[in-house]
Amino acid sequence: MTTTTDRKLNFSAGPATLPEPVLHQAQIDIWDIAQSGIGVCEHSHRGPVFGKVVEETISNCRLIGNIPDDFEILFMQGGATLQFAMLAMNFLGNGETANYVDTGVWATKAIKEAKKIGNVHLAYDGSESNYDHCPTDDAIQAIDNAAYLHYCSNNTIYGTRFSRPITSVSPVICDMSSDIFSREIDWKSFDMVYAGAQKNLGPAGVVLVVIRKSMLEKCVDTLPLMLNYKAITQKGSMLNTPPTFGIYLMGEVFKWLLSEGGLQSIEERNERKAGMIYNVLDSCSDFYTTFAQVESRSRMNISFKTKSAELDALFLEESARMGMSGLKGHRNLGGLRASIYNAFPEEGCARFAEFLDSFASTH
Ligand SMILES: Cc1ncc(COP(=O)(O)O)c(C=O)c1O
């Protein structure tokens, strides 16, 4: 992987670091894609050049994610936040109830939106443990015959993740915004997965939705077309002008993931990257506190703090002088957070681990 750069080490939680080869290619294609004499943002979405981009993006997405044929791949807009409402509009019918697992801010927001549409059963309430871990199956009290179960696989703010998918008798819908394609996905455990692109897939403004075909039959026909998964599927994600640049760039990220050896090798690298950082945090445990319980630690977002708010502020100052950016914790949690999505270089994690160590010894 190319890591030679004079740019900063960007630990932003999203929009986040993109792979360098993708950015270099995009610079070329923004001017003139596929020697067409026209830049990628200037092509008609109905023309052959962009048609090829969409086709390749879908086929590479299927390849990289090992997505079975009974799932549709859709590109949508409105962020992951629109999905919170939309999935309930489509799948939470009159008189039905959906199971929701609350593991923190984004999962809570999904619950709030669903409650505007229908009945929600809180199958797990993480607020009781301050959202410091993700539950195992036996701690989830789901009701039978639910329309679906919704959860969030990686909690961007708290830095927690599910180490394995939830088992459920009802269809499972998962917000994977902050860890999609950071590890392999067992599609038997999911009926719909969605992710805003701006962390692991591309730029903000496009959302990837992977949905089991059988779910489409349940979509509510009276919904406006732009809010109906079936209508969007029938038009190949082109009911209106799609976010063409976002789809293109996602396609380039998929090509990069393939060139890096696919999800298995990405997952191994992510384990190494997060491991380097957690190792230092653990070895300096009298100085740093990690937010997540060990078994729920995210490999994408590492939320931690030093011994005081003053030292946290100094940490931000000193790390900034070392060319590190985006380390301030989310306003809900405070402290510090290092987001190290797929495209964040392994060498950057090594540099950060060194910095963590030397900051703790100096202060
Ligand atoms: C897990 C998760 N879900 C949903 C969202 C909301 O995404 P969007 O801003 O695309 O609506 C975020 C944003 O950070 C997130 O981390």
# chains A, B, ... in the order shown; residues from 1 in each chain; ligands from 1

call {"tool": "residues_around", "arguments": {"residues": "Asn66 of chain A", "least_positions_apart": "2", "cutoff": "9 Å", "atoms": "only C-alpha atoms", "output": "PDB file with N, CA and C atoms, in the first residue's frame"}}
result
ATOM      1  N   CYS A  61     -18.443  -4.917  -5.799  1.00  0.00           N
ATOM      2  CA  CYS A  61     -19.015  -4.926  -4.447  1.00  0.00           C
ATOM      3  C   CYS A  61     -19.414  -6.365  -4.097  1.00  0.00           C
ATOM      4  N   ARG A  62     -20.056  -7.023  -5.059  1.00  0.00           N
ATOM      5  CA  ARG A  62     -20.492  -8.409  -4.828  1.00  0.00           C
ATOM      6  C   ARG A  62     -19.282  -9.314  -4.587  1.00  0.00           C
ATOM      7  N   LEU A  63     -18.249  -9.067  -5.378  1.00  0.00           N
ATOM      8  CA  LEU A  63     -17.045  -9.888  -5.291  1.00  0.00           C
ATOM      9  C   LEU A  63     -16.342  -9.674  -3.950  1.00  0.00           C
ATOM     10  N   ILE A  64     -16.110  -8.440  -3.611  1.00  0.00           N
ATOM     11  CA  ILE A  64     -15.351  -8.148  -2.388  1.00  0.00           C
ATOM     12  C   ILE A  64     -16.131  -8.591  -1.148  1.00  0.00           C
ATOM     13  N   PRO A  68     -24.166 -12.949  -1.798  1.00  0.00           N
ATOM     14  CA  PRO A  68     -24.885 -13.959  -2.592  1.00  0.00           C
ATOM     15  C   PRO A  68     -25.869 -13.330  -3.588  1.00  0.00           C
ATOM     16  N   GLU A 184     -15.045  -9.998   7.144  1.00  0.00           N
ATOM     17  CA  GLU A 184     -15.950 -10.756   6.287  1.00  0.00           C
ATOM     18  C   GLU A 184     -17.366 -10.725   6.874  1.00  0.00           C
ATOM     19  N   ILE A 185     -18.356 -10.835   6.000  1.00  0.00           N
ATOM     20  CA  ILE A 185     -19.751 -10.778   6.457  1.00  0.00           C
ATOM     21  C   ILE A 185     -20.411 -12.129   6.190  1.00  0.00           C
ATOM     22  N   ASP A 186     -21.034 -12.671   7.236  1.00  0.00           N
ATOM     23  CA  ASP A 186     -21.756 -13.928   7.073  1.00  0.00           C
ATOM     24  C   ASP A 186     -23.202 -13.584   6.687  1.00  0.00           C
ATOM     25  N   TRP A 187     -23.488 -13.643   5.390  1.00  0.00           N
ATOM     26  CA  TRP A 187     -24.770 -13.130   4.890  1.00  0.00           C
ATOM     27  C   TRP A 187     -25.980 -13.911   5.381  1.00  0.00           C
TER      28      TRP A 187
END

call {"tool": "residues_near_ligand", "arguments": {"ligand": "ligand 1", "cutoff": "7 Å", "atoms": "only C-alpha atoms and all ligand atoms", "output": "tab-separated table (two decimals) with N, CA and C atoms, in the first residue's frame"}}
result
chain	number	residue	atom	x	y	z
A	13	ALA	N	-13.44	10.41	12.31
A	13	ALA	CA	-14.44	9.32	12.37
A	13	ALA	C	-15.32	9.30	11.13
A	14	GLY	N	-15.28	10.32	10.34
A	14	GLY	CA	-16.04	10.32	9.09
A	14	GLY	C	-16.65	11.68	8.82
A	78	GLY	N	-29.31	10.46	1.33
A	78	GLY	CA	-29.96	10.78	2.62
A	78	GLY	C	-29.19	10.24	3.81
A	79	GLY	N	-28.02	9.69	3.57
A	79	GLY	CA	-27.18	9.20	4.67
A	79	GLY	C	-27.79	7.98	5.35
A	80	ALA	N	-27.02	7.44	6.28
A	80	ALA	CA	-27.53	6.30	7.04
A	80	ALA	C	-28.75	6.75	7.86
A	81	THR	N	-28.79	8.03	8.16
A	81	THR	CA	-29.89	8.56	8.97
A	81	THR	C	-31.24	8.39	8.27
A	82	LEU	N	-31.29	8.57	6.96
A	82	LEU	CA	-32.57	8.36	6.28
A	82	LEU	C	-32.97	6.88	6.36
A	106	TRP	N	-26.10	6.06	17.70
A	106	TRP	CA	-26.72	5.82	16.37
A	106	TRP	C	-27.84	4.81	16.45
A	152	CYS	N	-26.75	-2.19	15.39
A	152	CYS	CA	-25.62	-1.48	14.78
A	152	CYS	C	-24.35	-2.29	15.10
A	154	ASN	N	-21.13	-1.76	14.72
A	154	ASN	CA	-19.96	-1.06	15.29
A	154	ASN	C	-20.40	0.33	15.74
A	155	ASN	N	-20.17	0.61	17.00
A	155	ASN	CA	-20.65	1.87	17.56
A	155	ASN	C	-19.53	2.90	17.53
A	156	THR	N	-19.62	3.75	16.53
A	156	THR	CA	-18.57	4.70	16.16
A	156	THR	C	-18.13	5.59	17.32
A	175	ASP	N	-27.07	-1.73	10.78
A	175	ASP	CA	-26.35	-0.51	10.40
A	175	ASP	C	-24.85	-0.83	10.51
A	176	MET	N	-24.21	-0.95	9.36
A	176	MET	CA	-22.76	-1.25	9.34
A	176	MET	C	-21.96	-0.03	8.90
A	177	SER	N	-22.50	1.16	9.14
A	177	SER	CA	-21.86	2.37	8.61
A	177	SER	C	-20.38	2.45	8.96
A	178	SER	N	-20.01	2.04	10.18
A	178	SER	CA	-18.61	2.28	10.55
A	178	SER	C	-17.75	1.03	10.57
A	196	GLY	N	-23.58	4.31	5.44
A	196	GLY	CA	-23.17	5.57	4.84
A	196	GLY	C	-21.72	5.37	4.38
A	204	ALA	N	-18.95	11.14	1.55
A	204	ALA	CA	-20.31	11.33	2.07
A	204	ALA	C	-21.25	11.56	0.88

call {"tool": "select_by_dssp", "arguments": {"residues": "segment 119-296 of chain A", "states": "helix (DSSP H, G or I)", "output": "PyMOL selection string"}}
result
chain A and resi 126-129+137-139+187-189+213-216+225-227+229-234+244-259+262-283+294-296

call {"tool": "residues_around", "arguments": {"residues": "segment 307-323 of chain A", "least_positions_apart": "4", "cutoff": "7 Å", "atoms": "only C-alpha atoms", "output": "JSON, numbers by chain"}}
result
{"A": [8, 9, 287, 288, 327, 328, 335, 336]}

call {"tool": "write_last_selection", "arguments": {"atoms": "C-alpha atoms", "output": "PDB file, in the first residue's frame"}}
result
ATOM      1  CA  LYS A   8      -1.610  14.440   7.827  1.00  0.00           C
ATOM      2  CA  LEU A   9      -2.442  11.233   9.608  1.00  0.00           C
ATOM      3  CA  PHE A 287      -2.296   6.702  32.329  1.00  0.00           C
ATOM      4  CA  TYR A 288      -4.918   5.803  29.686  1.00  0.00           C
ATOM      5  CA  LEU A 327      -8.300  12.716  17.567  1.00  0.00           C
ATOM      6  CA  LYS A 328     -10.835  14.612  19.656  1.00  0.00           C
ATOM      7  CA  GLY A 335     -11.863  12.263  25.736  1.00  0.00           C
ATOM      8  CA  LEU A 336     -10.046  11.068  22.648  1.00  0.00           C
TER       9      LEU A 336
END

call {"tool": "closest_atom_pairs", "arguments": {"of": "segment 262-321 of chain A", "to": "segment 248-255 of chain A", "cutoff": "12 Å", "atoms": "only C-alpha atoms", "output": "tab-separated table"}}
result
residue	atom	partner	partner_atom	distance
A:Gly262	CA	A:Phe254	CA	9.1
A:Leu263	CA	A:Phe254	CA	10.4
A:Ile266	CA	A:Phe254	CA	12.0

call {"tool": "write_last_selection", "arguments": {"atoms": "C-alpha atoms", "output": "mmCIF file, in the first residue's frame"}}
result
data_model
loop_
_atom_site.group_PDB
_atom_site.id
_atom_site.type_symbol
_atom_site.label_atom_id
_atom_site.label_comp_id
_atom_site.auth_asym_id
_atom_site.auth_seq_id
_atom_site.Cartn_x
_atom_site.Cartn_y
_atom_site.Cartn_z
ATOM 1 C CA GLY A 262 -9.859 -8.883 -0.130
ATOM 2 C CA LEU A 263 -11.632 -8.818 3.197
ATOM 3 C CA ILE A 266 -8.048 -6.434 5.314
#

call {"tool": "residues_around", "arguments": {"residues": "Asp144 of chain A", "least_positions_apart": "6", "cutoff": "10 Å", "atoms": "only C-alpha atoms", "output": "VMD selection string"}}
result
chain A and resid 97 to 99 168 to 170
